[in-house]
Amino acid sequence: MRGLSGEGISKTFPGGVRALADISFTVRSGEVLALLGPSGCGKSTLLRIVAGLERAEAGRLTLDGEPFDVLPPGRRDVGFVFQSYALYPHLTVEENLSLALRVRGLPQQEIEARVREVSELLGIAELLERRPRRLSGGQQQRVALGRALVRRPRLYLMDEPLSNLDALLREEMRGELKSLFRGLGATVLYVTHDQSEAMALADTVLVLRAGRAAQLAPPLELYARPADLFTATFVGSPRMTVWRGQRVGDAFEARGVRAALPEGLGGGEELYLGFRPEDVTLSMESHPEGWEAELELMEPLGDRALLTLRVGGERLRALAPPADRPPRTWARVPLDRRHWFDAATERRL
Amino acid sequence: MSMQRVGRAIAVAAILAWSLLPVLWQVLTALKPDAQVTSSPTVYVPSPPTLLHFEALFTRKPFGTYLLNSLLVSAAATALCLTVAAPAAWALVRLAPRNRDRVLLALLLVALFPPILLLFPLYEGVRALGWLNHPLGLVVPYAALALPLAVWIVESGLRQVPREIDEAARLDGVSALGRLVRFQLPLAAPSLATAAILAFIFCWNEFMLALTFMTRDARKTVTAGIASVGGSSIHEIPWGQLSAAVVVATAPLVALVLLFERHIASGLTRGAVKG
């Protein structure tokens, strides 16, 4: 298999902080793997281990079948984009872009050609003589990207490259990155805490939580069949509604709400039931599978509104057309859009 | 004018007077003819001012040589000091904070050691190396004595350089020495300048070793040169010439500090407040 492979990567920081516990993953050549998780989950540490900036205590890395972790960071041929860009402040943009090539001893003509090509691709060709302090945030980000591209590496490593940009620019750059990756056929390891970014850019997502792998799957599967409660609530916006309740006979009872339990559902006495706001249907007519709901809060989102409704002793969130403001309504979630989790293990049933 | 501003003005005037009046007195004395130096009642302003004392410095004594020696020794010692301090400071920056603080503290303790206790062992060492009356006899000890201060200042400057820049350079394939010379030090240049200036001032002003190790006129630095200004008898102190010597010895330093005062201040406070 051509691509990057990690097996059993573990790392503990001095002081006993367990950064990563037995992480395994693969990035096939030409694919984008997103490392997704909240702050402190170990995603940046994993990226830095792949880059060679940190050393794992256990585990192996192979690239295209060859051992990868024996190489020093300078020889791994990776294009790293730092979250803070890490541009060399005392060098011009041109020098920033060409440094790695100069160190490698590439002929001057080749260097110039590549710098020209990349700077035109990223729209920074007029900025070559400037120093980083005279660039805007977006321009700096492109230079950081360019620095990686110009090396034509086997692997791209990106540490939250868009997180320092404002929301509008971030969205724009996201699209550009996606077409860039596609155009290059690049193999990318992309760290982010933004689940929408991971969903948009990645072919596969590795969700990390406190150093452990929660799920490794393509984005749509993450969305449709989250493997545990954490992934279910982390992925998908607006956030999934989750009720905790007991198994009573062949029904599920939370506070003042009942729901039918699917046949053959495993798990213990306590369960979680989750469903996404976009899967909730509201109507004025009652329905056997539905629940009577009272409107508590409405948050306009532009083309839709996020409603918070009270059902029995619980709350749920639903999406509705912006003008709708039904004080009383019936909420219904199709059976195949309900997600069940065991309360003890938090794993999907 | 408010009371506070009056008070502040008085305080500033007092401090200035305290610092500058002795200097002014030296300058005036250097310009006074001999008779007016020790006359009573005290003559404040020389009339007419004379440059005889200054002339004597350069004709009867080789003050030009002294100045040149000071310049060479101070410059060489500063260069040597920084060449050692820079890699040392970088190594410290890379250490875990606890160990780094221990080393810095140890350096501080070394710097607090009374230099006079070092005089005898240093003399023996310098003599054994054949460095008496040789520039190296001062250059090497000066570089060593200025090292703790230089390491402290350069370390604080290097710590300000973001770690990611070093990592980016590492990933670009730059060697460790290359990263130090091409990235770390250029980005910590202000602290290097500060360390250099302070080391230079220390070397220039150093008296004890200069007096002890350099006995031949041709090798003396200005500080030892001032000490060698004597009169025709032990009872006669040539105040005029002495003052002129002090003025000539101090003037270059004053010029240096005035030229670089911005760097000195910024280099010393750098690292005190983040951002």
# chains A, B, ... in the order shown; residues from 1 in each chain; ligands from 1

call {"tool": "residues_around", "arguments": {"residues": "Val32 (chain A)", "least_positions_apart": "4", "cutoff": "9 Å", "atoms": "only C-alpha atoms", "output": "PyMOL selection string"}}
result
chain A and resi 27-28+181+186-190+201-205

call {"tool": "interface_residues", "arguments": {"of": "chain B", "to": "chain A", "cutoff": "8 Å", "atoms": "only C-alpha atoms", "output": "PyMOL selection string"}}
result
chain B and resi 162+164-165+167-168+170-174+183+186-187

call {"tool": "write_last_selection", "arguments": {"atoms": "N, CA, C and O atoms", "output": "mmCIF file, in the first residue's frame"}}
result
data_model
loop_
_atom_site.group_PDB
_atom_site.id
_atom_site.type_symbol
_atom_site.label_atom_id
_atom_site.label_comp_id
_atom_site.auth_asym_id
_atom_site.auth_seq_id
_atom_site.Cartn_x
_atom_site.Cartn_y
_atom_site.Cartn_z
ATOM 1 N N PRO B 162 10.446 32.503 18.674
ATOM 2 C CA PRO B 162 9.467 31.414 18.740
ATOM 3 C C PRO B 162 10.086 30.079 18.354
ATOM 4 O O PRO B 162 10.867 29.989 17.415
ATOM 5 N N GLU B 164 8.770 27.610 16.963
ATOM 6 C CA GLU B 164 8.350 27.062 15.666
ATOM 7 C C GLU B 164 9.291 27.449 14.543
ATOM 8 O O GLU B 164 9.416 26.721 13.564
ATOM 9 N N ILE B 165 9.920 28.602 14.685
ATOM 10 C CA ILE B 165 10.828 29.023 13.609
ATOM 11 C C ILE B 165 12.001 28.059 13.558
ATOM 12 O O ILE B 165 12.464 27.677 12.477
ATOM 13 N N GLU B 167 11.867 24.985 14.513
ATOM 14 C CA GLU B 167 11.343 23.713 14.009
ATOM 15 C C GLU B 167 11.166 23.766 12.505
ATOM 16 O O GLU B 167 11.462 22.808 11.798
ATOM 17 N N ALA B 168 10.671 24.889 12.008
ATOM 18 C CA ALA B 168 10.496 25.013 10.559
ATOM 19 C C ALA B 168 11.845 24.891 9.856
ATOM 20 O O ALA B 168 11.964 24.217 8.829
ATOM 21 N N ARG B 170 14.397 23.352 10.960
ATOM 22 C CA ARG B 170 14.844 21.962 11.096
ATOM 23 C C ARG B 170 14.207 21.097 10.016
ATOM 24 O O ARG B 170 14.854 20.258 9.411
ATOM 25 N N LEU B 171 12.906 21.319 9.812
ATOM 26 C CA LEU B 171 12.203 20.543 8.787
ATOM 27 C C LEU B 171 12.682 20.910 7.393
ATOM 28 O O LEU B 171 12.599 20.107 6.470
ATOM 29 N N ASP B 172 13.179 22.127 7.244
ATOM 30 C CA ASP B 172 13.714 22.528 5.945
ATOM 31 C C ASP B 172 15.090 21.931 5.703
ATOM 32 O O ASP B 172 15.662 22.112 4.641
ATOM 33 N N GLY B 173 15.628 21.270 6.733
ATOM 34 C CA GLY B 173 16.904 20.584 6.537
ATOM 35 C C GLY B 173 18.121 21.369 6.975
ATOM 36 O O GLY B 173 19.249 21.001 6.671
ATOM 37 N N VAL B 174 17.927 22.461 7.730
ATOM 38 C CA VAL B 174 19.073 23.253 8.168
ATOM 39 C C VAL B 174 19.720 22.576 9.379
ATOM 40 O O VAL B 174 19.027 22.117 10.280
ATOM 41 N N PHE B 183 19.333 31.713 11.957
ATOM 42 C CA PHE B 183 17.984 32.023 12.389
ATOM 43 C C PHE B 183 17.922 32.538 13.819
ATOM 44 O O PHE B 183 17.385 33.605 14.066
ATOM 45 N N PRO B 186 20.353 35.961 14.400
ATOM 46 C CA PRO B 186 19.831 37.161 13.745
ATOM 47 C C PRO B 186 18.544 37.659 14.374
ATOM 48 O O PRO B 186 18.316 38.855 14.499
ATOM 49 N N LEU B 187 17.687 36.720 14.810
ATOM 50 C CA LEU B 187 16.424 37.159 15.389
ATOM 51 C C LEU B 187 16.596 37.626 16.831
ATOM 52 O O LEU B 187 15.716 38.252 17.394
#

call {"tool": "select_by_dssp", "arguments": {"residues": "region 118-343 of chain A", "states": "alpha helix (DSSP H)", "output": "VMD selection string"}}
result
chain A and resid 118 to 121 137 to 149 167 to 184 195 to 201 219 to 224 229 to 234

call {"tool": "residues_around", "arguments": {"residues": "region 128-139 of chain A", "least_positions_apart": "4", "cutoff": "12 Å", "atoms": "only C-alpha atoms", "output": "NGL selection string"}}
result
:A and (83-98 or 112 or 115-116 or 118-120 or 122-124 or 143-146 or 161-173)

call {"tool": "residues_around", "arguments": {"residues": "region 201-209 of chain B", "least_positions_apart": "4", "cutoff": "6 Å", "atoms": "only C-alpha atoms", "output": "PDB file with all heavy atoms, in the first residue's frame"}}
result
ATOM      1  N   SER B  74      39.508  45.317  24.328  1.00  0.00           N
ATOM      2  CA  SER B  74      38.069  45.272  24.609  1.00  0.00           C
ATOM      3  C   SER B  74      37.314  44.643  23.452  1.00  0.00           C
ATOM      4  O   SER B  74      36.417  43.828  23.656  1.00  0.00           O
ATOM      5  CB  SER B  74      37.530  46.673  24.876  1.00  0.00           C
ATOM      6  OG  SER B  74      38.233  47.265  25.948  1.00  0.00           O
ATOM      7  N   PHE B 213      48.815  42.989  34.994  1.00  0.00           N
ATOM      8  CA  PHE B 213      49.387  42.145  33.946  1.00  0.00           C
ATOM      9  C   PHE B 213      50.191  42.925  32.912  1.00  0.00           C
ATOM     10  O   PHE B 213      51.047  42.370  32.241  1.00  0.00           O
ATOM     11  CB  PHE B 213      48.287  41.373  33.220  1.00  0.00           C
ATOM     12  CG  PHE B 213      47.534  40.389  34.084  1.00  0.00           C
ATOM     13  CD1 PHE B 213      46.456  39.699  33.567  1.00  0.00           C
ATOM     14  CD2 PHE B 213      47.904  40.151  35.392  1.00  0.00           C
ATOM     15  CE1 PHE B 213      45.757  38.783  34.347  1.00  0.00           C
ATOM     16  CE2 PHE B 213      47.217  39.244  36.186  1.00  0.00           C
ATOM     17  CZ  PHE B 213      46.137  38.560  35.653  1.00  0.00           C
ATOM     18  N   THR B 223      43.148  52.452  31.435  1.00  0.00           N
ATOM     19  CA  THR B 223      42.982  52.464  32.889  1.00  0.00           C
ATOM     20  C   THR B 223      44.335  52.372  33.582  1.00  0.00           C
ATOM     21  O   THR B 223      44.619  53.117  34.534  1.00  0.00           O
ATOM     22  CB  THR B 223      42.108  51.289  33.347  1.00  0.00           C
ATOM     23  OG1 THR B 223      42.553  50.106  32.671  1.00  0.00           O
ATOM     24  CG2 THR B 223      40.654  51.536  33.014  1.00  0.00           C
TER      25      THR B 223
END

call {"tool": "atom_distance", "arguments": {"atom1": "CA of Gly30 (chain A)", "atom2": "CA of Arg60 (chain A)"}}
result
21.0 Å

call {"tool": "residues_around", "arguments": {"residues": "region 149-153 of chain B", "least_positions_apart": "4", "cutoff": "12 Å", "atoms": "only C-alpha atoms", "output": "number ranges by chain"}}
result
B: 77-93, 100-101, 103-112, 142-145, 157-160, 188-200, 202, 264-272

call {"tool": "residues_around", "arguments": {"residues": "Val246 (chain B)", "least_positions_apart": "6", "cutoff": "10 Å", "atoms": "only C-alpha atoms", "output": "list in words"}}
result
Val23, Gln26, Val27, Ala30, Val222, Thr223, Gly225, Ile226 and Ala227 of chain B

call {"tool": "atom_distance", "arguments": {"atom1": "CA of Val161 (chain B)", "atom2": "CA of Phe260 (chain B)"}}
result
22.2 Å

call {"tool": "closest_residue", "arguments": {"among": "A:Leu295, A:Met158, A:Ala21, A:Val333", "to": "Arg276 (chain A)", "atoms": "only C-alpha atoms"}}
result
A:Val333

call {"tool": "closest_residue", "arguments": {"among": "B:Leu147, B:Leu71, B:Leu16, B:Ala76", "to": "Lys220 (chain B)", "atoms": "only C-alpha atoms"}}
result
B:Leu71

call {"tool": "residues_around", "arguments": {"residues": "Ala34 (chain A)", "least_positions_apart": "3", "cutoff": "12 Å", "atoms": "only C-alpha atoms", "output": "number ranges by chain"}}
result
A: 25-27, 31, 37, 43-44, 46-47, 156-160, 187-208, 215-219

call {"tool": "write_last_selection", "arguments": {"atoms": "C-alpha atoms", "output": "PDB file, in the first residue's frame"}}
result
ATOM      1  CA  PHE A  25      -4.045   4.929  11.321  1.00  0.00           C
ATOM      2  CA  THR A  26      -3.412   4.871   7.586  1.00  0.00           C
ATOM      3  CA  VAL A  27      -3.361   7.616   5.003  1.00  0.00           C
ATOM      4  CA  GLU A  31      -5.858  10.926   0.389  1.00  0.00           C
ATOM      5  CA  GLY A  37     -10.624  16.456  18.299  1.00  0.00           C
ATOM      6  CA  LYS A  43      -3.781  15.476  17.488  1.00  0.00           C
ATOM      7  CA  SER A  44      -0.963  18.004  17.216  1.00  0.00           C
ATOM      8  CA  LEU A  46       0.604  12.908  16.614  1.00  0.00           C
ATOM      9  CA  LEU A  47       1.312  15.250  13.728  1.00  0.00           C
ATOM     10  CA  TYR A 156       1.787  17.251   3.716  1.00  0.00           C
ATOM     11  CA  LEU A 157       1.325  17.873   7.415  1.00  0.00           C
ATOM     12  CA  MET A 158      -0.980  20.700   8.407  1.00  0.00           C
ATOM     13  CA  ASP A 159      -1.482  21.851  11.973  1.00  0.00           C
ATOM     14  CA  GLU A 160      -4.755  23.797  12.082  1.00  0.00           C
ATOM     15  CA  THR A 187      -1.262  12.895   0.660  1.00  0.00           C
ATOM     16  CA  VAL A 188      -2.278  15.029   3.615  1.00  0.00           C
ATOM     17  CA  LEU A 189      -2.465  14.690   7.365  1.00  0.00           C
ATOM     18  CA  TYR A 190      -4.642  17.574   8.537  1.00  0.00           C
ATOM     19  CA  VAL A 191      -5.128  18.535  12.167  1.00  0.00           C
ATOM     20  CA  THR A 192      -8.188  20.534  13.157  1.00  0.00           C
ATOM     21  CA  HIS A 193     -10.603  21.059  16.020  1.00  0.00           C
ATOM     22  CA  ASP A 194     -13.261  22.292  13.625  1.00  0.00           C
ATOM     23  CA  GLN A 195     -15.509  19.419  12.707  1.00  0.00           C
ATOM     24  CA  SER A 196     -16.966  21.160   9.663  1.00  0.00           C
ATOM     25  CA  GLU A 197     -13.457  21.641   8.310  1.00  0.00           C
ATOM     26  CA  ALA A 198     -12.710  17.962   8.774  1.00  0.00           C
ATOM     27  CA  MET A 199     -15.963  16.969   7.153  1.00  0.00           C
ATOM     28  CA  ALA A 200     -15.370  19.228   4.169  1.00  0.00           C
ATOM     29  CA  LEU A 201     -11.735  18.423   3.472  1.00  0.00           C
ATOM     30  CA  ALA A 202     -11.082  14.862   4.515  1.00  0.00           C
ATOM     31  CA  ASP A 203     -11.453  11.491   2.868  1.00  0.00           C
ATOM     32  CA  THR A 204     -11.117   9.859   6.249  1.00  0.00           C
ATOM     33  CA  VAL A 205     -11.305  11.282   9.738  1.00  0.00           C
ATOM     34  CA  LEU A 206      -9.579  10.052  12.881  1.00  0.00           C
ATOM     35  CA  VAL A 207     -11.436  11.383  15.890  1.00  0.00           C
ATOM     36  CA  LEU A 208      -9.218  11.669  18.956  1.00  0.00           C
ATOM     37  CA  GLN A 215     -13.362   6.496  15.504  1.00  0.00           C
ATOM     38  CA  LEU A 216     -11.557   6.200  12.189  1.00  0.00           C
ATOM     39  CA  ALA A 217     -14.013   6.543   9.310  1.00  0.00           C
ATOM     40  CA  PRO A 218     -15.019   8.631   6.298  1.00  0.00           C
ATOM     41  CA  PRO A 219     -16.864  11.830   7.227  1.00  0.00           C
TER      42      PRO A 219
END

call {"tool": "atom_distance", "arguments": {"atom1": "CA of Arg48 (chain A)", "atom2": "CA of Ser5 (chain A)"}}
result
14.7 Å

call {"tool": "closest_residue", "arguments": {"among": "B:Arg127, B:Arg262, B:Arg94, B:His53", "to": "Arg163 (chain B)", "atoms": "only C-alpha atoms"}}
result
B:Arg94

call {"tool": "select_by_dssp", "arguments": {"residues": "region 166-278 of chain A", "states": "strand (DSSP E or B)", "output": "count of residues only"}}
result
38
